[in-house]
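Visitor: Have a look at this one.
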There are 2 protein chains.
Amino acid sequence: MVEPVGPDDARTAPPARTAEVAEGVRQRIQRGAYAPGQRLIEVDLADEFAVGRGRIREVFKTLVGEGYLEFVENRGVYVRRFSRAEILEMGRVREVLEGLAARMAAEKDKTAEERRRLEAHQTTLDQAASRADIDAYNTENFAYHQTICAISGNRHVAEFLMRVRLPLYRLQLPSSFSADSMSRSNQDHRVITAAILSGNPDAAEAAMRAHIRTGNAHVASLPDRYFP
Amino acid sequence: MVEPVGPDDARTAPPARTAEVAEGVRQRIQRGAYAPGQRLIEVDLADEFAVGRGRIREVFKTLVGEGYLEFVENRGVYVRRFSRAEILEMGRVREVLEGLAARMAAEKDKTAEERRRLEAHQTTLDQAASRADIDAYNTENFAYHQTICAISGNRHVAEFLMRVRLPLYRLQLPSSFSADSMSRSNQDHRVITAAILSGNPDAAEAAMRAHIRTGNAHVASLPDRYFP
DNA sequence: GTCTGCGATATTGTCGACATTTATGTCAAC
DNA sequence: GTTGACATAAATGTCGACAATATCGCAGAC
């Protein structure tokens, strides 16, 4: 599956590839193409991305620093894998960071475009919820939170949230949302959206934190077989 | 299959250096031995740490991932440098993360040792404040917050806080604390300490957040010459 | 049947050489 | 005195070869 990222001008394009390769690996991890716990072999990725082994090594080091990979001496790197306890720890961090993003988004003087985008996401969520379309709801859910994060305009929040959301990408619990819990989740969203649009930071943060706490409680209630 | 290999018994000494070098560079950055904005030359550090240039390169990549260094193609790495706006952004993140650490520390069933350590730090702070010893207070201040963070037991909070505290290490404003503001800051500390020891999470988080907000307000009021 | 030792293979670790790019210094022209 | 071109030095980027280490299969002893 040789699928180099982006426009693949192996000849014409001067290789500033290092950042591209890193992004490609990140995406594959998020999408589960590289599974949690999987060992990544340098030569395989060098081949897959059509770059030298040295470059892969350096990308690995960067991603270790970013927390995506785990390094073991003389054995290379593994896609990082999280126990339930760790995921719950990350959930606590997620709670306050998403809360901060919501607060800052509410504080901010938003452009018409930003308001429109937030409303559009909310509408899509409403539709998915009313159709009980769990897959669509899941996807839009991520996009919704990402948008709030973008509106907040705080790069560190964005970066840290990215990392702390990692385990959620892979849990991919299709059954995690019952039609009922999805509806309640979306009710949270409506409260949050309203608080942000009306410029009420306290309400936005409180609602968001409660919303995330609900999700964490759900993770805590999952049976052991979902975790390493 | 992926056992998270513990600390490999440090044999003689030869390898494992890579982590040591990384830690050495981190410390030098925190202490200002490498100044913000300074360019780090591979051969110089290779010489300083008595390792090959390749290893320095990999350490650089890791530290870029961790946010300590900034990478510029064909020019190497620079110690990361923060504008006032960025520091204030990080301050917001610091607010909620320190708040979470305080909350979790308050929630937790603390050991006698943990309680003792926290009280000891508070005592040292009190003494420094009563002596109006600004330097000692500054040092203990970091240790105090670090201890709360450790008691909370959340690794992600610890790691993220480390990163988001970076600019404060270097501001090293000897004049930042007047005797008056130091006294007020320590009053905050006493409230926080009490809330943690008495197991009141809401109070601990609220007090901590207010405490950090005060610090951020101070950074916001500094004259431009302190910033790039 | 199980365990141990040993070789074969796969994978990572390290070093050096050289190309490429950037920074520095010199000198002539105006 | 300033500017620009050009040579020189300094630093980074890249690649390949080989060493060190781990993993696996297999034969042989008990």
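Following the order of the structure tokens, first chain is A, next is B, and so on, with residues numbered from 1 inside each chain and ligands from 1 in the order they appear.
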Using every Cα, in order, as the fitting set, what is the least-squares RMSD of chain A against chain B?
Guide: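 Across all paired C-alpha atoms, the RMSD is 5.4 Å.
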Visitor: Please provide the set of residues having any atom within 6 Å of stretch 149-155 of chain A, restricted to only C-alpha atoms (C1' of nucleotides), with same-chain residues fewer than 5 positions apart removed, written as a PyMOL selection string.
Guide: chain A and resi 101+104-105
Visitor: Using backbone DSSP assignments, extract all alpha helix (DSSP H) residues from stretch 6-159 of chain B; output them as a VMD selection string.
Guide: chain B and resid 17 to 31 42 to 49 53 to 65 84 to 107 112 to 131 134 to 152 155 to 159
Visitor: I'd like a table as a Markdown table: residues in chain D with an atom no more than 12 Å from chain A, each row giving the shortest atom pair and its distance in Å to one decimal, only C-alpha atoms (C1' of nucleotides) counted, sorted by chain and rising residue number.
Guide:
| residue | atom | partner | partner_atom | distance |
| --- | --- | --- | --- | --- |
| D:DG13 | C1' | A:Arg55 | CA | 10.2 |
| D:DT14 | C1' | A:Gly54 | CA | 8.4 |
| D:DC15 | C1' | A:Gly52 | CA | 8.2 |
| D:DG16 | C1' | A:Gly52 | CA | 10.8 |
| D:DA20 | C1' | A:Asn74 | CA | 9.0 |
| D:DT21 | C1' | A:Asn74 | CA | 6.4 |
| D:DA22 | C1' | A:Arg75 | CA | 7.3 |
| D:DT23 | C1' | A:Arg75 | CA | 10.2 |
Visitor: So that I can see what lies close to A:Ser198, please list as a list in words the residues with an atom at most 8 Å from it, counting only C-alpha atoms (C1' of nucleotides) and leaving out residues fewer than 3 positions away in the same chain.
Guide: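 Using only C-alpha atoms (C1' of nucleotides), the neighbours found are Ala106, Ala194 and Ala195 of chain A.
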Visitor: At a cut-off of 8 Å, list the chain C residues touching chain A, using only C-alpha atoms (C1' of nucleotides), as a list of chain:residue names.
Guide: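 Written out as asked, the residues are C:DT11, C:DT12, C:DG13.
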Visitor: So that each row is one residue of chain B with an atom at most 8 Å from chain A, can you give its shortest atom pair and the distance in Å to one decimal, using only C-alpha atoms, rows by chain and rising number, as JSON lines?
Guide:
{"residue": "B:Val2", "atom": "CA", "partner": "A:Gly37", "partner_atom": "CA", "distance": 6.1}
{"residue": "B:Val5", "atom": "CA", "partner": "A:Val72", "partner_atom": "CA", "distance": 7.4}
{"residue": "B:Ala16", "atom": "CA", "partner": "A:Glu73", "partner_atom": "CA", "distance": 7.9}
{"residue": "B:Glu58", "atom": "CA", "partner": "A:Glu58", "partner_atom": "CA", "distance": 6.1}
{"residue": "B:Val59", "atom": "CA", "partner": "A:Lys61", "partner_atom": "CA", "distance": 7.7}
{"residue": "B:Lys61", "atom": "CA", "partner": "A:Thr62", "partner_atom": "CA", "distance": 5.0}
{"residue": "B:Thr62", "atom": "CA", "partner": "A:Thr62", "partner_atom": "CA", "distance": 4.7}
{"residue": "B:Leu63", "atom": "CA", "partner": "A:Gly65", "partner_atom": "CA", "distance": 6.5}
{"residue": "B:Val64", "atom": "CA", "partner": "A:Thr62", "partner_atom": "CA", "distance": 6.6}
{"residue": "B:Gly65", "atom": "CA", "partner": "A:Gly65", "partner_atom": "CA", "distance": 4.4}
{"residue": "B:Glu66", "atom": "CA", "partner": "A:Gly65", "partner_atom": "CA", "distance": 4.9}
{"residue": "B:Glu89", "atom": "CA", "partner": "A:Asn154", "partner_atom": "CA", "distance": 6.2}
{"residue": "B:Met90", "atom": "CA", "partner": "A:His156", "partner_atom": "CA", "distance": 6.7}
{"residue": "B:Arg92", "atom": "CA", "partner": "A:Leu100", "partner_atom": "CA", "distance": 7.9}
{"residue": "B:Val93", "atom": "CA", "partner": "A:Val157", "partner_atom": "CA", "distance": 6.7}
{"residue": "B:Val96", "atom": "CA", "partner": "A:Val96", "partner_atom": "CA", "distance": 6.0}
{"residue": "B:Leu97", "atom": "CA", "partner": "A:Val96", "partner_atom": "CA", "distance": 7.1}
{"residue": "B:Leu100", "atom": "CA", "partner": "A:Val96", "partner_atom": "CA", "distance": 7.1}
{"residue": "B:Asn154", "atom": "CA", "partner": "A:Glu89", "partner_atom": "CA", "distance": 6.1}
{"residue": "B:Arg155", "atom": "CA", "partner": "A:Glu89", "partner_atom": "CA", "distance": 7.9}
{"residue": "B:His156", "atom": "CA", "partner": "A:Met90", "partner_atom": "CA", "distance": 6.7}
{"residue": "B:Val157", "atom": "CA", "partner": "A:Val93", "partner_atom": "CA", "distance": 6.7}
{"residue": "B:Phe160", "atom": "CA", "partner": "A:Phe160", "partner_atom": "CA", "distance": 7.5}
Visitor: Restricting it to N, CA and C atoms, dump the selection as a tab-separated table (two decimals), in the first residue's frame.
Guide:
chain	number	residue	atom	x	y	z
B	2	VAL	N	3.53	-6.08	23.85
B	2	VAL	CA	4.27	-4.82	23.88
B	2	VAL	C	4.62	-4.47	25.28
B	5	VAL	N	8.51	-2.13	28.68
B	5	VAL	CA	9.78	-2.37	29.33
B	5	VAL	C	10.15	-1.32	30.36
B	16	ALA	N	22.00	4.45	26.25
B	16	ALA	CA	21.02	5.14	27.09
B	16	ALA	C	21.35	6.61	27.16
B	58	GLU	N	19.09	13.71	16.77
B	58	GLU	CA	17.87	13.01	17.20
B	58	GLU	C	17.31	13.64	18.47
B	59	VAL	N	18.20	14.03	19.35
B	59	VAL	CA	17.72	14.72	20.55
B	59	VAL	C	16.99	16.00	20.15
B	61	LYS	N	15.33	16.58	17.50
B	61	LYS	CA	14.01	16.24	16.97
B	61	LYS	C	13.03	15.96	18.10
B	62	THR	N	13.50	15.23	19.09
B	62	THR	CA	12.63	14.94	20.23
B	62	THR	C	12.20	16.23	20.91
B	63	LEU	N	13.15	17.12	21.14
B	63	LEU	CA	12.84	18.34	21.87
B	63	LEU	C	11.99	19.29	21.04
B	64	VAL	N	12.08	19.17	19.73
B	64	VAL	CA	11.15	19.92	18.89
B	64	VAL	C	9.73	19.41	19.13
B	65	GLY	N	9.62	18.10	19.17
B	65	GLY	CA	8.31	17.50	19.43
B	65	GLY	C	7.77	17.91	20.78
B	66	GLU	N	8.66	18.08	21.74
B	66	GLU	CA	8.22	18.45	23.09
B	66	GLU	C	8.00	19.95	23.23
B	89	GLU	N	-1.42	33.21	26.24
B	89	GLU	CA	-2.15	32.01	25.81
B	89	GLU	C	-1.78	30.83	26.70
B	90	MET	N	-0.49	30.66	26.90
B	90	MET	CA	-0.04	29.55	27.73
B	90	MET	C	-0.54	29.74	29.16
B	92	ARG	N	-3.36	30.91	30.08
B	92	ARG	CA	-4.74	30.41	30.19
B	92	ARG	C	-4.75	28.90	30.37
B	93	VAL	N	-3.90	28.24	29.61
B	93	VAL	CA	-3.82	26.78	29.73
B	93	VAL	C	-3.30	26.41	31.12
B	96	VAL	N	-6.05	26.41	33.88
B	96	VAL	CA	-6.94	25.25	34.05
B	96	VAL	C	-6.18	24.00	34.45
B	97	LEU	N	-4.94	23.87	33.99
B	97	LEU	CA	-4.19	22.66	34.33
B	97	LEU	C	-3.75	22.68	35.79
B	100	LEU	N	-6.71	21.91	37.71
B	100	LEU	CA	-7.02	20.47	37.74
B	100	LEU	C	-6.10	19.73	38.69
B	154	ASN	N	-1.33	12.75	38.00
B	154	ASN	CA	-1.74	12.70	36.59
B	154	ASN	C	-0.56	13.10	35.71
B	155	ARG	N	-0.05	12.11	34.97
B	155	ARG	CA	1.17	12.35	34.20
B	155	ARG	C	0.99	13.38	33.10
B	156	HIS	N	-0.20	13.38	32.52
B	156	HIS	CA	-0.39	14.33	31.43
B	156	HIS	C	-0.42	15.76	31.95
B	157	VAL	N	-1.06	15.95	33.07
B	157	VAL	CA	-1.03	17.27	33.68
B	157	VAL	C	0.41	17.70	33.92
B	160	PHE	N	2.19	18.46	30.50
B	160	PHE	CA	1.71	19.68	29.85
B	160	PHE	C	2.09	20.91	30.67
Visitor: Using only C-alpha atoms, which of A:Ala102, A:Ala35, A:Ala129, A:Ala19 sits nearest A:Ala203?
Guide: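 Of A:Ala102, A:Ala35, A:Ala129, A:Ala19, the one nearest A:Ala203, counting only C-alpha atoms, is A:Ala102.
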Visitor: So that I can see what lies close to C:DG7, please list as JSON, numbers by chain the residues with an atom at most 12 Å from it, counting only C-alpha atoms (C1' of nucleotides) and leaving out residues fewer than 5 positions away in the same chain.
Guide: {"D": [24, 25, 26, 27]}
Visitor: Within 12 Å of C:DA28, counting only C-alpha atoms (C1' of nucleotides), which residues show up once you throw out same-chain ones fewer than 6 positions away? Write them as an MDAnalysis selection string, please.
Guide: chainID D and resid 3:6
Visitor: Using DSSP secondary structure from the backbone, list all strand (DSSP E) positions within stretch 10-222 of chain A, as a list of chain:residue names.
Guide: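 Assigned to strand (DSSP E), within stretch 10-222 of chain A: A:Arg39, A:Leu40, A:Leu69, A:Glu70, A:Phe71, A:Val72, A:Gly76, A:Val77, A:Tyr78, A:Val79.
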Visitor: How many Å lie between atom CA of A:Thr123 and atom CA of A:Tyr137, rounded to one decimal?
Guide: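 Going from atom CA of A:Thr123 over to atom CA of A:Tyr137 covers 11.1 Å.
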Visitor: Atom CA of B:Leu69 and atom CA of B:Gly24, how far apart in Å?
Guide: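 The value is 13.6 Å.
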Visitor: So which residues touch B:Ser181 within 12 Å, counting only C-alpha atoms (C1' of nucleotides), skipping near sequence neighbours fewer than 2 positions away, as JSON, numbers by chain?
Guide: {"B": [129, 132, 134, 137, 175, 176, 177, 178, 179, 183, 184, 185, 186, 187, 188, 211, 214, 215, 218]}
Visitor: Which one is closest to B:Lys108: B:Arg84, B:Leu166, B:Arg17, B:Gly199? Count only C-alpha atoms.
Guide: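 Ranked by minimum distance to B:Lys108, first place goes to B:Gly199.
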